[in-house]
Structure formats: C-alpha cells, structure tokens
file coords.txt (compact mmCIF, C-alpha atoms (C1' of nucleotides))
# COMPACT_ATOMS: atom_id res chain seq x y z
CA MET T 1 0.00 0.00 0.00
CA LYS T 2 1.17 3.51 -0.75
CA LEU T 3 2.31 5.74 2.08
CA GLU T 4 -0.53 8.22 1.64
CA ALA T 5 -3.06 5.42 2.02
CA GLU T 6 -1.28 4.00 5.04
CA LEU T 7 -1.23 7.33 6.85
CA LYS T 8 -4.64 8.39 5.51
CA SER T 9 -2.97 11.58 4.41
CA THR T 10 -5.22 14.11 2.73
CA LYS T 11 -2.94 16.91 1.62
CA PRO T 12 -0.22 16.23 -0.99
CA MET T 13 3.32 15.99 0.42
CA GLN T 14 6.56 17.46 -0.83
CA PRO T 15 8.85 14.76 -2.29
CA ARG T 16 11.54 15.01 0.43
CA GLN T 17 8.97 15.06 3.20
CA ARG T 18 7.27 12.06 1.63
CA ALA T 19 10.59 10.21 1.46
CA LEU T 20 11.36 11.05 5.10
CA LEU T 21 8.00 9.85 6.38
CA ASN T 22 8.24 6.77 4.21
CA ILE T 23 11.63 5.83 5.67
CA MET T 24 10.32 6.09 9.22
CA PHE T 25 7.08 4.30 8.39
CA THR T 26 8.80 1.47 6.54
CA ALA T 27 11.30 1.01 9.36
CA SER T 28 8.50 0.82 11.90
CA TRP T 29 6.71 -1.69 9.68
CA LEU T 30 9.90 -3.74 9.40
CA ASP T 31 10.48 -3.61 13.14
CA CYS T 32 7.04 -5.04 13.73
CA PHE T 33 7.58 -7.72 11.10
CA LEU T 34 10.95 -8.81 12.49
CA SER T 35 9.82 -8.78 16.13
CA ARG T 36 7.08 -11.21 15.23
CA GLN T 37 9.56 -13.50 13.53
CA LEU T 38 11.91 -13.40 16.51
CA ARG T 39 9.35 -13.72 19.29
CA PRO T 40 9.18 -17.56 19.17
CA TYR T 41 12.92 -17.62 19.86
CA GLY T 42 12.75 -15.22 22.80
CA LEU T 43 14.91 -12.64 21.06
CA THR T 44 14.35 -8.93 20.56
CA GLY T 45 15.57 -7.06 17.48
CA PRO T 46 18.65 -5.56 19.15
CA GLN T 47 19.55 -8.92 20.73
CA TYR T 48 19.34 -10.59 17.32
CA ASN T 49 21.44 -7.77 15.88
CA ILE T 50 24.18 -8.44 18.45
CA LEU T 51 24.11 -12.17 17.77
CA ARG T 52 24.58 -11.60 14.05
CA ILE T 53 27.39 -9.15 14.61
CA LEU T 54 29.20 -11.65 16.82
CA ASN T 55 28.55 -14.41 14.31
CA GLY T 56 30.14 -12.26 11.63
CA SER T 57 33.32 -11.87 13.63
CA TYR T 58 33.42 -15.50 14.75
CA PRO T 59 35.60 -17.05 16.08
CA LYS T 60 37.05 -13.76 17.27
CA GLY T 61 34.98 -11.88 19.80
CA LEU T 62 34.36 -8.15 20.08
CA SER T 63 34.46 -5.65 22.91
CA VAL T 64 31.27 -4.00 24.08
CA LEU T 65 32.14 -0.75 22.30
CA ASP T 66 33.00 -2.59 19.09
CA ILE T 67 29.59 -4.23 19.17
CA LYS T 68 27.91 -0.93 19.81
CA SER T 69 29.60 0.77 16.88
CA ARG T 70 28.34 -1.97 14.55
CA MET T 71 24.75 -1.91 15.70
CA ILE T 72 21.86 -0.55 13.69
CA ASP T 73 20.48 1.24 16.71
CA ARG T 74 23.44 2.88 18.42
CA SER T 75 21.43 4.03 21.40
CA SER T 76 20.95 0.57 22.85
CA ASN T 77 22.62 -0.42 26.07
CA VAL T 78 24.99 -3.15 25.00
CA SER T 79 26.14 -4.12 28.49
CA ARG T 80 22.65 -5.05 29.56
CA LEU T 81 21.72 -6.72 26.28
CA VAL T 82 24.87 -8.86 26.40
CA GLU T 83 24.10 -9.85 29.98
CA LYS T 84 20.67 -11.06 28.87
CA LEU T 85 22.17 -13.09 26.04
CA ARG T 86 24.75 -14.54 28.43
CA LEU T 87 22.04 -15.66 30.85
CA SER T 88 20.42 -17.49 27.92
CA GLY T 89 23.75 -19.10 27.11
CA LEU T 90 23.95 -17.57 23.64
CA VAL T 91 27.17 -15.59 24.17
CA GLU T 92 30.25 -15.83 26.33
CA ARG T 93 32.16 -13.08 28.08
CA VAL T 94 35.90 -13.19 28.69
CA PRO T 95 37.90 -10.39 30.32
CA HIS T 96 40.56 -9.03 27.99
CA ALA T 97 44.04 -10.27 28.83
CA GLU T 98 46.00 -7.09 28.23
CA ASP T 99 43.48 -4.35 28.88
CA ARG T 100 41.46 -5.25 31.90
CA ARG T 101 38.89 -2.55 31.23
CA MET T 102 37.64 -4.50 28.27
CA VAL T 103 35.38 -7.52 28.04
CA ILE T 104 35.45 -9.68 24.94
CA VAL T 105 32.10 -11.09 23.95
CA SER T 106 31.79 -14.06 21.58
CA ILE T 107 28.90 -16.08 20.26
CA SER T 108 28.57 -19.55 21.79
CA GLU T 109 27.80 -22.82 20.03
CA PRO T 110 24.13 -22.68 21.10
CA GLY T 111 24.09 -19.10 19.81
CA LYS T 112 25.34 -20.18 16.39
CA LYS T 113 22.86 -23.02 16.33
CA LEU T 114 19.97 -20.66 17.11
CA LEU T 115 21.00 -18.33 14.29
CA THR T 116 21.00 -21.09 11.70
CA GLU T 117 17.65 -22.31 13.00
CA ILE T 118 16.15 -18.82 12.60
CA GLU T 119 17.69 -18.52 9.15
CA LYS T 120 16.11 -21.79 8.07
CA ALA T 121 12.68 -20.88 9.44
CA ARG T 122 12.74 -17.62 7.53
CA PHE T 123 12.63 -19.37 4.18
CA THR T 124 9.72 -21.57 5.10
CA ASP T 125 7.40 -19.29 7.07
CA GLY T 126 5.18 -18.38 4.14
CA HIS T 127 5.20 -14.65 4.77
CA GLY T 128 8.08 -14.21 2.35
CA THR T 129 11.15 -12.12 2.92
CA PRO T 130 10.64 -8.38 3.30
CA GLY T 131 11.72 -6.60 0.16
CA SER T 132 11.28 -9.64 -2.04
CA LYS T 133 9.16 -7.63 -4.46
CA LEU T 134 12.20 -5.55 -5.39
CA THR T 135 14.53 -6.63 -8.16
CA GLU T 136 18.22 -6.81 -7.32
CA SER T 137 18.97 -3.57 -9.08
CA GLU T 138 16.03 -1.82 -7.40
CA ALA T 139 17.34 -2.96 -4.01
CA MET T 140 20.76 -1.57 -4.87
CA GLU T 141 19.22 1.69 -6.02
CA LEU T 142 17.20 1.91 -2.81
CA ALA T 143 20.29 1.42 -0.65
CA HIS T 144 22.17 4.02 -2.67
CA LEU T 145 19.40 6.61 -2.28
CA LEU T 146 19.31 6.00 1.47
CA ASP T 147 23.07 6.55 1.66
CA LYS T 148 22.55 9.82 -0.16
CA PHE T 149 19.64 10.78 2.07
CA ARG T 150 21.92 10.72 5.12
CA GLU T 151 24.61 12.92 3.57
CA MET Q 152 28.88 7.69 4.65
CA LYS Q 153 27.99 4.39 3.06
CA LEU Q 154 26.19 1.76 5.09
CA GLU Q 155 29.08 -0.70 5.04
CA ALA Q 156 31.37 1.95 6.54
CA GLU Q 157 28.81 2.92 9.17
CA LEU Q 158 28.34 -0.66 10.32
CA LYS Q 159 32.02 -1.57 9.81
CA SER Q 160 30.78 -4.50 7.79
CA THR Q 161 33.44 -6.81 6.41
CA LYS Q 162 31.59 -9.32 4.30
CA PRO Q 163 29.69 -8.17 1.20
CA MET Q 164 25.91 -8.07 1.60
CA GLN Q 165 23.15 -9.24 -0.72
CA PRO Q 166 21.29 -6.30 -2.28
CA ARG Q 167 17.98 -6.90 -0.48
CA GLN Q 168 19.69 -7.46 2.85
CA ARG Q 169 21.68 -4.29 2.31
CA ALA Q 170 18.50 -2.36 1.54
CA LEU Q 171 16.79 -3.77 4.64
CA LEU Q 172 19.63 -2.85 6.97
CA ASN Q 173 19.93 0.54 5.34
CA ILE Q 174 16.26 1.31 5.94
CA MET Q 175 16.56 0.46 9.64
CA PHE Q 176 19.86 2.28 10.02
CA THR Q 177 18.64 5.41 8.24
CA ALA Q 178 15.45 5.47 10.30
CA SER Q 179 17.46 5.20 13.51
CA TRP Q 180 19.74 7.99 12.29
CA LEU Q 181 16.70 10.12 11.49
CA ASP Q 182 15.13 9.42 14.86
CA CYS Q 183 18.23 10.66 16.57
CA PHE Q 184 18.37 13.74 14.37
CA LEU Q 185 14.73 14.66 14.91
CA SER Q 186 14.82 14.05 18.67
CA ARG Q 187 17.65 16.54 18.96
CA GLN Q 188 15.68 19.11 17.02
CA LEU Q 189 12.60 18.60 19.18
CA ARG Q 190 14.28 18.43 22.57
CA PRO Q 191 14.40 22.23 23.10
CA TYR Q 192 10.63 22.29 22.76
CA GLY Q 193 10.03 19.47 25.20
CA LEU Q 194 8.51 17.24 22.56
CA THR Q 195 9.26 13.63 21.68
CA GLY Q 196 8.97 12.28 18.15
CA PRO Q 197 5.59 10.61 18.66
CA GLN Q 198 4.22 13.71 20.41
CA TYR Q 199 5.30 15.85 17.49
CA ASN Q 200 3.75 13.34 15.12
CA ILE Q 201 0.41 13.67 16.91
CA LEU Q 202 0.55 17.46 16.86
CA ARG Q 203 1.14 17.47 13.11
CA ILE Q 204 -1.68 15.00 12.49
CA LEU Q 205 -4.06 17.18 14.49
CA ASN Q 206 -2.82 20.27 12.71
CA GLY Q 207 -3.55 18.59 9.40
CA SER Q 208 -7.16 17.97 10.37
CA TYR Q 209 -7.67 21.38 11.96
CA PRO Q 210 -10.15 22.75 12.86
CA LYS Q 211 -11.79 19.35 13.08
CA GLY Q 212 -10.43 17.06 15.76
CA LEU Q 213 -9.84 13.32 15.64
CA SER Q 214 -10.67 10.43 17.90
CA VAL Q 215 -7.86 8.57 19.66
CA LEU Q 216 -8.11 5.64 17.25
CA ASP Q 217 -8.13 7.94 14.22
CA ILE Q 218 -4.92 9.51 15.48
CA LYS Q 219 -3.38 6.11 16.06
CA SER Q 220 -4.20 4.91 12.55
CA ARG Q 221 -2.42 7.95 11.08
CA MET Q 222 0.74 7.63 13.14
CA ILE Q 223 4.10 6.55 11.80
CA ASP Q 224 4.64 4.28 14.78
CA ARG Q 225 1.37 2.47 15.36
CA SER Q 226 2.51 0.84 18.57
CA SER Q 227 2.48 4.03 20.59
CA ASN Q 228 -0.02 4.56 23.36
CA VAL Q 229 -2.06 7.49 22.10
CA SER Q 230 -4.14 7.94 25.25
CA ARG Q 231 -1.10 8.65 27.38
CA LEU Q 232 0.67 10.74 24.75
CA VAL Q 233 -2.45 12.89 24.33
CA GLU Q 234 -2.70 13.32 28.10
CA LYS Q 235 0.87 14.63 28.16
CA LEU Q 236 0.13 17.09 25.37
CA ARG Q 237 -3.03 18.20 27.15
CA LEU Q 238 -1.11 18.88 30.35
CA SER Q 239 1.20 21.10 28.31
CA GLY Q 240 -1.82 22.88 26.87
CA LEU Q 241 -1.02 21.88 23.29
CA VAL Q 242 -4.21 19.91 22.62
CA GLU Q 243 -7.78 19.88 23.86
CA ARG Q 244 -10.03 16.94 24.58
CA VAL Q 245 -13.79 17.01 24.14
CA PRO Q 246 -16.07 14.03 24.72
CA HIS Q 247 -17.96 13.06 21.60
CA ALA Q 248 -21.59 14.21 21.66
CA GLU Q 249 -23.23 11.16 20.10
CA ASP Q 250 -20.89 8.31 20.99
CA ARG Q 251 -19.78 8.77 24.55
CA ARG Q 252 -17.03 6.16 24.21
CA MET Q 253 -15.10 8.52 21.99
CA VAL Q 254 -12.98 11.51 22.81
CA ILE Q 255 -12.26 14.10 20.16
CA VAL Q 256 -8.79 15.59 20.36
CA SER Q 257 -7.90 18.89 18.65
CA ILE Q 258 -4.81 21.01 18.50
CA SER Q 259 -5.00 24.20 20.57
CA GLU Q 260 -3.83 27.68 19.61
CA PRO Q 261 -0.59 27.30 21.63
CA GLY Q 262 -0.12 23.98 19.86
CA LYS Q 263 -0.42 25.58 16.44
CA LYS Q 264 1.91 28.36 17.50
CA LEU Q 265 4.53 25.85 18.66
CA LEU Q 266 4.37 23.98 15.35
CA THR Q 267 5.01 27.14 13.30
CA GLU Q 268 7.87 28.05 15.66
CA ILE Q 269 9.48 24.64 15.16
CA GLU Q 270 8.95 24.89 11.41
CA LYS Q 271 10.71 28.27 11.32
CA ALA Q 272 13.65 27.09 13.42
CA ARG Q 273 14.16 24.16 11.08
CA PHE Q 274 15.14 26.40 8.21
CA THR Q 275 17.66 28.35 10.24
CA ASP Q 276 19.38 25.77 12.39
CA GLY Q 277 22.36 25.28 10.11
CA HIS Q 278 22.23 21.50 10.11
CA GLY Q 279 20.13 21.52 6.97
CA THR Q 280 17.06 19.46 6.34
CA PRO Q 281 17.54 15.69 6.25
CA GLY Q 282 17.39 14.45 2.68
CA SER Q 283 18.36 17.80 1.20
CA LYS Q 284 21.08 16.15 -0.86
CA LEU Q 285 18.45 14.31 -2.88
CA THR Q 286 16.94 15.87 -5.97
CA GLU Q 287 13.16 16.01 -6.13
CA SER Q 288 13.00 13.10 -8.54
CA GLU Q 289 15.40 11.04 -6.43
CA ALA Q 290 13.19 11.66 -3.39
CA MET Q 291 10.16 10.50 -5.36
CA GLU Q 292 12.03 7.42 -6.56
CA LEU Q 293 13.12 6.63 -3.00
CA ALA Q 294 9.55 6.86 -1.71
CA HIS Q 295 8.35 4.66 -4.56
CA LEU Q 296 10.96 1.99 -3.85
CA LEU Q 297 10.01 1.99 -0.17
CA ASP Q 298 6.35 1.49 -1.09
CA LYS Q 299 7.42 -1.45 -3.23
CA PHE Q 300 9.64 -2.82 -0.46
CA ARG Q 301 6.61 -3.19 1.82
CA GLU Q 302 4.50 -5.07 -0.72
C1' DT O 303 55.80 7.98 40.90
C1' DT O 304 51.88 10.64 41.49
C1' DT O 305 48.42 13.26 39.41
C1' DC O 306 45.33 14.24 35.82
C1' DG O 307 42.78 13.16 31.97
C1' DT O 308 40.85 9.43 29.00
C1' DT O 309 38.77 5.22 27.87
C1' DT O 310 35.76 1.11 28.86
C1' DA O 311 32.07 -0.95 30.91
C1' DA O 312 28.52 -1.04 34.30
C1' DT O 313 24.86 1.07 36.81
C1' DG O 314 21.02 4.46 38.14
C1' DT O 315 17.01 6.78 36.85
C1' DC O 316 13.17 8.21 34.48
C1' DA O 317 10.28 8.12 30.53
C1' DA O 318 8.48 5.45 26.79
C1' DA O 319 7.37 1.13 24.23
C1' DA O 320 5.09 -3.38 24.23
C1' DC O 321 2.35 -5.93 25.37
C1' DA O 322 -2.26 -7.43 27.99
C1' DT O 323 -6.27 -6.24 30.69
C1' DT O 324 -10.11 -3.42 32.24
C1' DT O 325 -13.96 -0.26 32.02
C1' DA O 326 -17.51 1.80 29.80
C1' DA O 327 -20.56 2.56 25.95
C1' DG O 328 -22.56 1.04 21.92
C1' DT O 329 -24.63 -2.83 18.86
C1' DT O 330 -26.66 -7.11 17.76
C1' DT O 331 -29.43 -11.09 18.64
C1' DG O 332 -32.50 -14.30 21.01
C1' DC G 333 -35.73 -6.09 27.01
C1' DA G 334 -31.69 -8.76 28.47
C1' DA G 335 -27.56 -11.20 27.31
C1' DA G 336 -23.77 -11.52 24.48
C1' DC G 337 -20.74 -9.38 21.49
C1' DT G 338 -18.05 -5.44 19.76
C1' DT G 339 -15.71 -1.14 19.94
C1' DA G 340 -13.18 2.95 22.23
C1' DA G 341 -10.31 4.61 25.54
C1' DA G 342 -7.83 4.11 29.69
C1' DT G 343 -4.95 1.66 32.80
C1' DG G 344 -1.53 -2.00 34.60
C1' DT G 345 2.78 -4.18 34.20
C1' DT G 346 7.03 -5.39 32.54
C1' DT G 347 10.71 -4.46 29.58
C1' DT G 348 13.45 -1.40 26.97
C1' DG G 349 15.33 3.13 25.47
C1' DA G 350 17.64 7.46 26.61
C1' DC G 351 20.67 9.67 29.00
C1' DA G 352 23.69 10.77 32.88
C1' DT G 353 26.74 9.09 36.25
C1' DT G 354 29.97 6.02 38.35
C1' DA G 355 33.95 2.83 38.79
C1' DA G 356 37.88 0.86 37.32
C1' DA G 357 41.86 0.64 34.44
C1' DC G 358 44.96 2.71 31.25
C1' DG G 359 48.08 6.43 29.40
C1' DA G 360 50.45 10.78 29.51
C1' DA G 361 52.85 14.35 31.77
C1' DA G 362 54.83 16.86 35.72
call {"tool": "encode", "arguments": {"input": "coords.txt", "output": "structure tokens"}}
result
Amino acid sequence: MKLEAELKSTKPMQPRQRALLNIMFTASWLDCFLSRQLRPYGLTGPQYNILRILNGSYPKGLSVLDIKSRMIDRSSNVSRLVEKLRLSGLVERVPHAEDRRMVIVSISEPGKKLLTEIEKARFTDGHGTPGSKLTESEAMELAHLLDKFRE
Amino acid sequence: MKLEAELKSTKPMQPRQRALLNIMFTASWLDCFLSRQLRPYGLTGPQYNILRILNGSYPKGLSVLDIKSRMIDRSSNVSRLVEKLRLSGLVERVPHAEDRRMVIVSISEPGKKLLTEIEKARFTDGHGTPGSKLTESEAMELAHLLDKFRE
DNA sequence: TTTCGTTTAATGTCAAAACATTTAAGTTTG
DNA sequence: CAAACTTAAATGTTTTGACATTAAACGAAA
C-alpha cells in the first residue's frame, strides 16, 4: 500500500517530506515484522542484531564498544543486552588479557545453532522475505538513495 | 557515509539485505536527528507526530483511534501521549456528543503556535534538512521503492 | 611515581514502548 | 428487554530506550 493510504494523508506531500516519512514508516513496519519472527525464539531485534554481529566476527569476539559501533540502533545499552544473552547461554564473556577494562564477547555454540535455525525458518514461514518484491537492481538503487539521504 | 562503513561491515551483503539494513539504520539515524531538534521544545517524536496530524485535520479534531491509525509508529499509546500534550496545553479533549465512548482531540492555539515556531527554526538551524542532498525526482524514486519494499 | 585526563564498561534513573487487561458505551441477537 | 458481542479509551505491568553518572583501568605528563 502507498504511504498516503497507510497514513490516511489528505494533503499532498513534498517529495523530500514524503521520502522522510516513508523511511520512518517502513522502518517501523519492518520492526514489527521482524519482532514477530523473533518472538518464538525469545529474542528482541537488538539482541538478534548483536548475535549476528558476533557471528560475523566469529571465532574472534568483540568488545562492548566494538559491538555498539556496529549496531543498527546505536542508542541501545549493549552491556545489559549482552548480559541477557549470556544468561540465555547464547554468548560468552571473557575479560581481555591485556586491557582489563575490556570484556570480549563471543557467540557460543548454542548461539550459532539458534541463528542457523532462525535462518532456516525464515525461508519456510510463508510470509516471504521483506523486500522480495524488489529486483536486485532496485534494491541496490534503494540502498544508494538511502546513503545519499543521510549525507 | 555508506552503510558498510557505518556498520564496519566486512563481508559483502546481498542487495535486499543491504536495503533492509539501510532502511533500519537510516530510520534510527533520522530518529536521533529529529529528537535533537525537538528536545528544546520538550517534545518527543511521537508527540510531534500527533501534533502534526491534528494540525492537518484542523479545525476538526480526531478520535484517539483515528490519530493512532495515522501515526508513523502504530505501537504508541495514544491515550497517554495525548494526556501529556493536554497537560502542556497543546491539545484539547472534548467528549464526543453522540458516541460517549469517543474523545475528540484537537490542536489548541498554543499547539499551532509551537508547530510554526518549530517549522521556522528548522530552516535556520544550520544542520540543513535531512534528505536535502536528494533531488526532487530522487526523493520520489526513494519513496516509490520503499512502497514497493513493503508489498 | 603521582596526578590528571581518557577510555571502557557497568549502573542508576526516568520516561516510553510493548504488550495485555479493564472499564464503559454502543450494537446485535434471542 | 436482556444477554452476548463489539468497539473505544484508559490503565496496569514489565521491559526497553535514553541519558547521565559512576567505577575501574589505562596512558600521559609533571
């Protein structure tokens, strides 16, 4: 559905304003979509984001600040999110050998297993992948325009 | 800055995945930007969203559910947000004459004044408007691709 | 070495989101 | 009309976000 229909907007919008609202609306829509996919696994969006970041740097771990700088939502409290994941056994925390201020966080074997399980379920859940209506080149163009939007 | 640089991503991403992450990242970036602009006025993003919706339907008011259905973030608790705005004198609440379950919320004169003040400040704050690097046709293309992304 | 500033992570606090639940008013049906 | 159902708004509760502050460890300079 078009943005104007979604927001029941009456007056016509300026193109940049329309793009801005559409970014925020689409992100909120995506958030809702992803939360529903993650709920059965007891993960929130930011928690899943951390797991994927750690999976990407496996087998090396990352410090709390390194995780934070790679997150989509930089305002989240990584210390507390990591502690939650640790209590679920999905990550491990090891004090840094040389710099004792730091804590190195790594994904655990159960954490990796959960990620592959979620990945598998995503292909078979019937709802399709978000963005699947875009061609590859449209997706690339979209990403490029978003980069430019932030300039 | 490009998304890969922002997220310090090492591995190359698939186009649709890159678009998805870019939408969420850009929205988070925008959220941060807008919150900073609104802070001096004591407004949060959702509160500002409600004020603008009510301004758009002025002088008619809207019911709580009508407001909710027009919001960017549909998960917000409109009753409580409206109560905050009412305490600040920015909106007014009138029970509906025919259906006493409903409450009609309208923007007040101080509310309208605040909106025009914010609008003015936006042009003179030096940080520029988000998305100003896009041409009009790029902004339209971006909005169109986002509509298609949600299909 | 001691002091000062910086960096890293954790914690404290308050407001807001994310649910569900409740209350009240309206509508439909037997 | 009364009971059951539906809708609108408010409220309850728990978790999370947003932001400041603290605590500990490191590095630089007197």
call {"tool": "interface_residues", "arguments": {"input": "coords.txt", "of": "chain Q", "to": "chain G", "cutoff": "7 Å", "atoms": "only C-alpha atoms (C1' of nucleotides)", "output": "PDB file with C-alpha atoms, keeping the file's coordinate frame"}}
result
ATOM      1  CA  SER Q 230      -4.140   7.940  25.250  1.00  0.00           C
ATOM      2  CA  ARG Q 252     -17.030   6.160  24.210  1.00  0.00           C
ATOM      3  CA  MET Q 253     -15.100   8.520  21.990  1.00  0.00           C
TER       4      MET Q 253
END
call {"tool": "closest_atom_pairs", "arguments": {"input": "coords.txt", "of": "chain T", "to": "chain Q", "cutoff": "9 Å", "atoms": "only C-alpha atoms", "output": "JSON lines"}}
result
{"residue": "T:Met1", "atom": "CA", "partner": "Q:Asp298", "partner_atom": "CA", "distance": 6.6}
{"residue": "T:Lys2", "atom": "CA", "partner": "Q:Asp298", "partner_atom": "CA", "distance": 5.6}
{"residue": "T:Leu3", "atom": "CA", "partner": "Q:Asp298", "partner_atom": "CA", "distance": 6.7}
{"residue": "T:Glu6", "atom": "CA", "partner": "Q:Arg221", "partner_atom": "CA", "distance": 7.3}
{"residue": "T:Leu7", "atom": "CA", "partner": "Q:Arg221", "partner_atom": "CA", "distance": 4.4}
{"residue": "T:Lys8", "atom": "CA", "partner": "Q:Arg221", "partner_atom": "CA", "distance": 6.0}
{"residue": "T:Ser9", "atom": "CA", "partner": "Q:Arg221", "partner_atom": "CA", "distance": 7.6}
{"residue": "T:Thr10", "atom": "CA", "partner": "Q:Gly207", "partner_atom": "CA", "distance": 8.2}
{"residue": "T:Lys11", "atom": "CA", "partner": "Q:Gly207", "partner_atom": "CA", "distance": 8.0}
{"residue": "T:Gln14", "atom": "CA", "partner": "Q:Glu287", "partner_atom": "CA", "distance": 8.6}
{"residue": "T:Pro15", "atom": "CA", "partner": "Q:Met291", "partner_atom": "CA", "distance": 5.4}
{"residue": "T:Arg16", "atom": "CA", "partner": "Q:Ala290", "partner_atom": "CA", "distance": 5.3}
{"residue": "T:Gln17", "atom": "CA", "partner": "Q:Gly282", "partner_atom": "CA", "distance": 8.5}
{"residue": "T:Arg18", "atom": "CA", "partner": "Q:Ala294", "partner_atom": "CA", "distance": 6.6}
{"residue": "T:Ala19", "atom": "CA", "partner": "Q:Ala294", "partner_atom": "CA", "distance": 4.7}
{"residue": "T:Leu20", "atom": "CA", "partner": "Q:Gly282", "partner_atom": "CA", "distance": 7.3}
{"residue": "T:Leu21", "atom": "CA", "partner": "Q:Ile223", "partner_atom": "CA", "distance": 7.4}
{"residue": "T:Asn22", "atom": "CA", "partner": "Q:Ala294", "partner_atom": "CA", "distance": 6.1}
{"residue": "T:Ile23", "atom": "CA", "partner": "Q:Ala178", "partner_atom": "CA", "distance": 6.0}
{"residue": "T:Met24", "atom": "CA", "partner": "Q:Ala178", "partner_atom": "CA", "distance": 5.3}
{"residue": "T:Phe25", "atom": "CA", "partner": "Q:Ile223", "partner_atom": "CA", "distance": 5.1}
{"residue": "T:Thr26", "atom": "CA", "partner": "Q:Leu297", "partner_atom": "CA", "distance": 6.8}
{"residue": "T:Ala27", "atom": "CA", "partner": "Q:Met175", "partner_atom": "CA", "distance": 5.3}
{"residue": "T:Ser28", "atom": "CA", "partner": "Q:Asp224", "partner_atom": "CA", "distance": 5.9}
{"residue": "T:Trp29", "atom": "CA", "partner": "Q:Arg301", "partner_atom": "CA", "distance": 8.0}
{"residue": "T:Leu30", "atom": "CA", "partner": "Q:Met175", "partner_atom": "CA", "distance": 7.9}
{"residue": "T:Asp31", "atom": "CA", "partner": "Q:Met175", "partner_atom": "CA", "distance": 8.1}
{"residue": "T:Cys32", "atom": "CA", "partner": "Q:Ser226", "partner_atom": "CA", "distance": 8.9}
{"residue": "T:Ile53", "atom": "CA", "partner": "Q:Ser160", "partner_atom": "CA", "distance": 8.9}
{"residue": "T:Gly56", "atom": "CA", "partner": "Q:Lys162", "partner_atom": "CA", "distance": 8.0}
{"residue": "T:Ser57", "atom": "CA", "partner": "Q:Thr161", "partner_atom": "CA", "distance": 8.8}
{"residue": "T:Ser69", "atom": "CA", "partner": "Q:Leu158", "partner_atom": "CA", "distance": 6.8}
{"residue": "T:Arg70", "atom": "CA", "partner": "Q:Leu158", "partner_atom": "CA", "distance": 4.4}
{"residue": "T:Met71", "atom": "CA", "partner": "Q:Leu158", "partner_atom": "CA", "distance": 6.6}
{"residue": "T:Ile72", "atom": "CA", "partner": "Q:Phe176", "partner_atom": "CA", "distance": 5.0}
{"residue": "T:Asp73", "atom": "CA", "partner": "Q:Ser179", "partner_atom": "CA", "distance": 5.9}
{"residue": "T:Arg74", "atom": "CA", "partner": "Q:Ser179", "partner_atom": "CA", "distance": 8.1}
{"residue": "T:Ser75", "atom": "CA", "partner": "Q:Cys183", "partner_atom": "CA", "distance": 8.8}
{"residue": "T:Pro130", "atom": "CA", "partner": "Q:Arg301", "partner_atom": "CA", "distance": 6.7}
{"residue": "T:Gly131", "atom": "CA", "partner": "Q:Phe300", "partner_atom": "CA", "distance": 4.4}
{"residue": "T:Ser132", "atom": "CA", "partner": "Q:Phe300", "partner_atom": "CA", "distance": 7.2}
{"residue": "T:Lys133", "atom": "CA", "partner": "Q:Phe300", "partner_atom": "CA", "distance": 6.3}
{"residue": "T:Leu134", "atom": "CA", "partner": "Q:Phe300", "partner_atom": "CA", "distance": 6.2}
{"residue": "T:Thr135", "atom": "CA", "partner": "Q:Arg167", "partner_atom": "CA", "distance": 8.4}
{"residue": "T:Glu136", "atom": "CA", "partner": "Q:Pro166", "partner_atom": "CA", "distance": 5.9}
{"residue": "T:Ser137", "atom": "CA", "partner": "Q:Pro166", "partner_atom": "CA", "distance": 7.7}
{"residue": "T:Glu138", "atom": "CA", "partner": "Q:Leu296", "partner_atom": "CA", "distance": 7.3}
{"residue": "T:Ala139", "atom": "CA", "partner": "Q:Arg167", "partner_atom": "CA", "distance": 5.3}
{"residue": "T:Met140", "atom": "CA", "partner": "Q:Pro166", "partner_atom": "CA", "distance": 5.4}
{"residue": "T:Glu141", "atom": "CA", "partner": "Q:Leu293", "partner_atom": "CA", "distance": 8.4}
{"residue": "T:Leu142", "atom": "CA", "partner": "Q:Ala170", "partner_atom": "CA", "distance": 6.2}
{"residue": "T:Ala143", "atom": "CA", "partner": "Q:Ala170", "partner_atom": "CA", "distance": 4.7}
{"residue": "T:His144", "atom": "CA", "partner": "Q:Lys153", "partner_atom": "CA", "distance": 8.2}
{"residue": "T:Leu145", "atom": "CA", "partner": "Q:Leu293", "partner_atom": "CA", "distance": 6.3}
{"residue": "T:Leu146", "atom": "CA", "partner": "Q:Asn173", "partner_atom": "CA", "distance": 6.7}
{"residue": "T:Asp147", "atom": "CA", "partner": "Q:Lys153", "partner_atom": "CA", "distance": 5.6}
{"residue": "T:Lys148", "atom": "CA", "partner": "Q:Lys284", "partner_atom": "CA", "distance": 6.5}
{"residue": "T:Phe149", "atom": "CA", "partner": "Q:Gly282", "partner_atom": "CA", "distance": 4.3}
{"residue": "T:Arg150", "atom": "CA", "partner": "Q:Gly282", "partner_atom": "CA", "distance": 6.4}
{"residue": "T:Glu151", "atom": "CA", "partner": "Q:Lys284", "partner_atom": "CA", "distance": 6.5}
call {"tool": "residues_around", "arguments": {"input": "coords.txt", "residues": "Glu249 of chain Q", "least_positions_apart": "5", "cutoff": "12 Å", "atoms": "all atoms listed in the file", "output": "list in words"}}
result
Val254 and Ile255 of chain Q; DA327 and DG328 of chain O
call {"tool": "axis_aligned_box", "arguments": {"input": "coords.txt", "around": "segment 304-319 of chain O", "padding_each_side": "3 Å", "output": "lines of an AutoDock Vina configuration file"}}
result
center_x = 29.6
center_y = 6.6
center_z = 32.9
size_x = 50.5
size_y = 21.3
size_z = 23.3
call {"tool": "residues_around", "arguments": {"input": "coords.txt", "residues": "Arg231 of chain Q", "least_positions_apart": "3", "cutoff": "12 Å", "atoms": "only C-alpha atoms (C1' of nucleotides)", "output": "list in words"}}
result
Pro197, Gln198, Ile201, Val215, Lys219, Ser227, Asn228, Glu234, Lys235, Leu236, Arg237 and Leu238 of chain Q; DA317, DA318 and DA319 of chain O; DA341, DA342 and DT343 of chain G
call {"tool": "closest_residue", "arguments": {"input": "coords.txt", "among": "T:Asn55, T:Ser108, T:Gln37, T:Ser63", "to": "Thr124 of chain T", "atoms": "only C-alpha atoms"}}
result
T:Gln37
call {"tool": "atom_distance", "arguments": {"input": "coords.txt", "atom1": "atom CA of Met164 of chain Q", "atom2": "atom CA of Ser35 of chain T"}}
result
21.7 Å
call {"tool": "closest_residue", "arguments": {"input": "coords.txt", "among": "Q:Gly240, Q:Asp250, Q:Pro210, Q:Asn200", "to": "chain O", "atoms": "all atoms listed in the file"}}
result
Q:Asp250
call {"tool": "atom_distance", "arguments": {"input": "coords.txt", "atom1": "atom CA of Leu54 of chain T", "atom2": "atom CA of Pro40 of chain T"}}
result
21.0 Å
call {"tool": "interface_residues", "arguments": {"input": "coords.txt", "of": "chain O", "to": "chain T", "cutoff": "9 Å", "atoms": "only C-alpha atoms (C1' of nucleotides)", "output": "MDAnalysis selection string"}}
result
chainID O and resid 309:312
call {"tool": "atom_distance", "arguments": {"input": "coords.txt", "atom1": "atom CA of Arg244 of chain Q", "atom2": "atom CA of Ser257 of chain Q"}}
result
6.6 Å
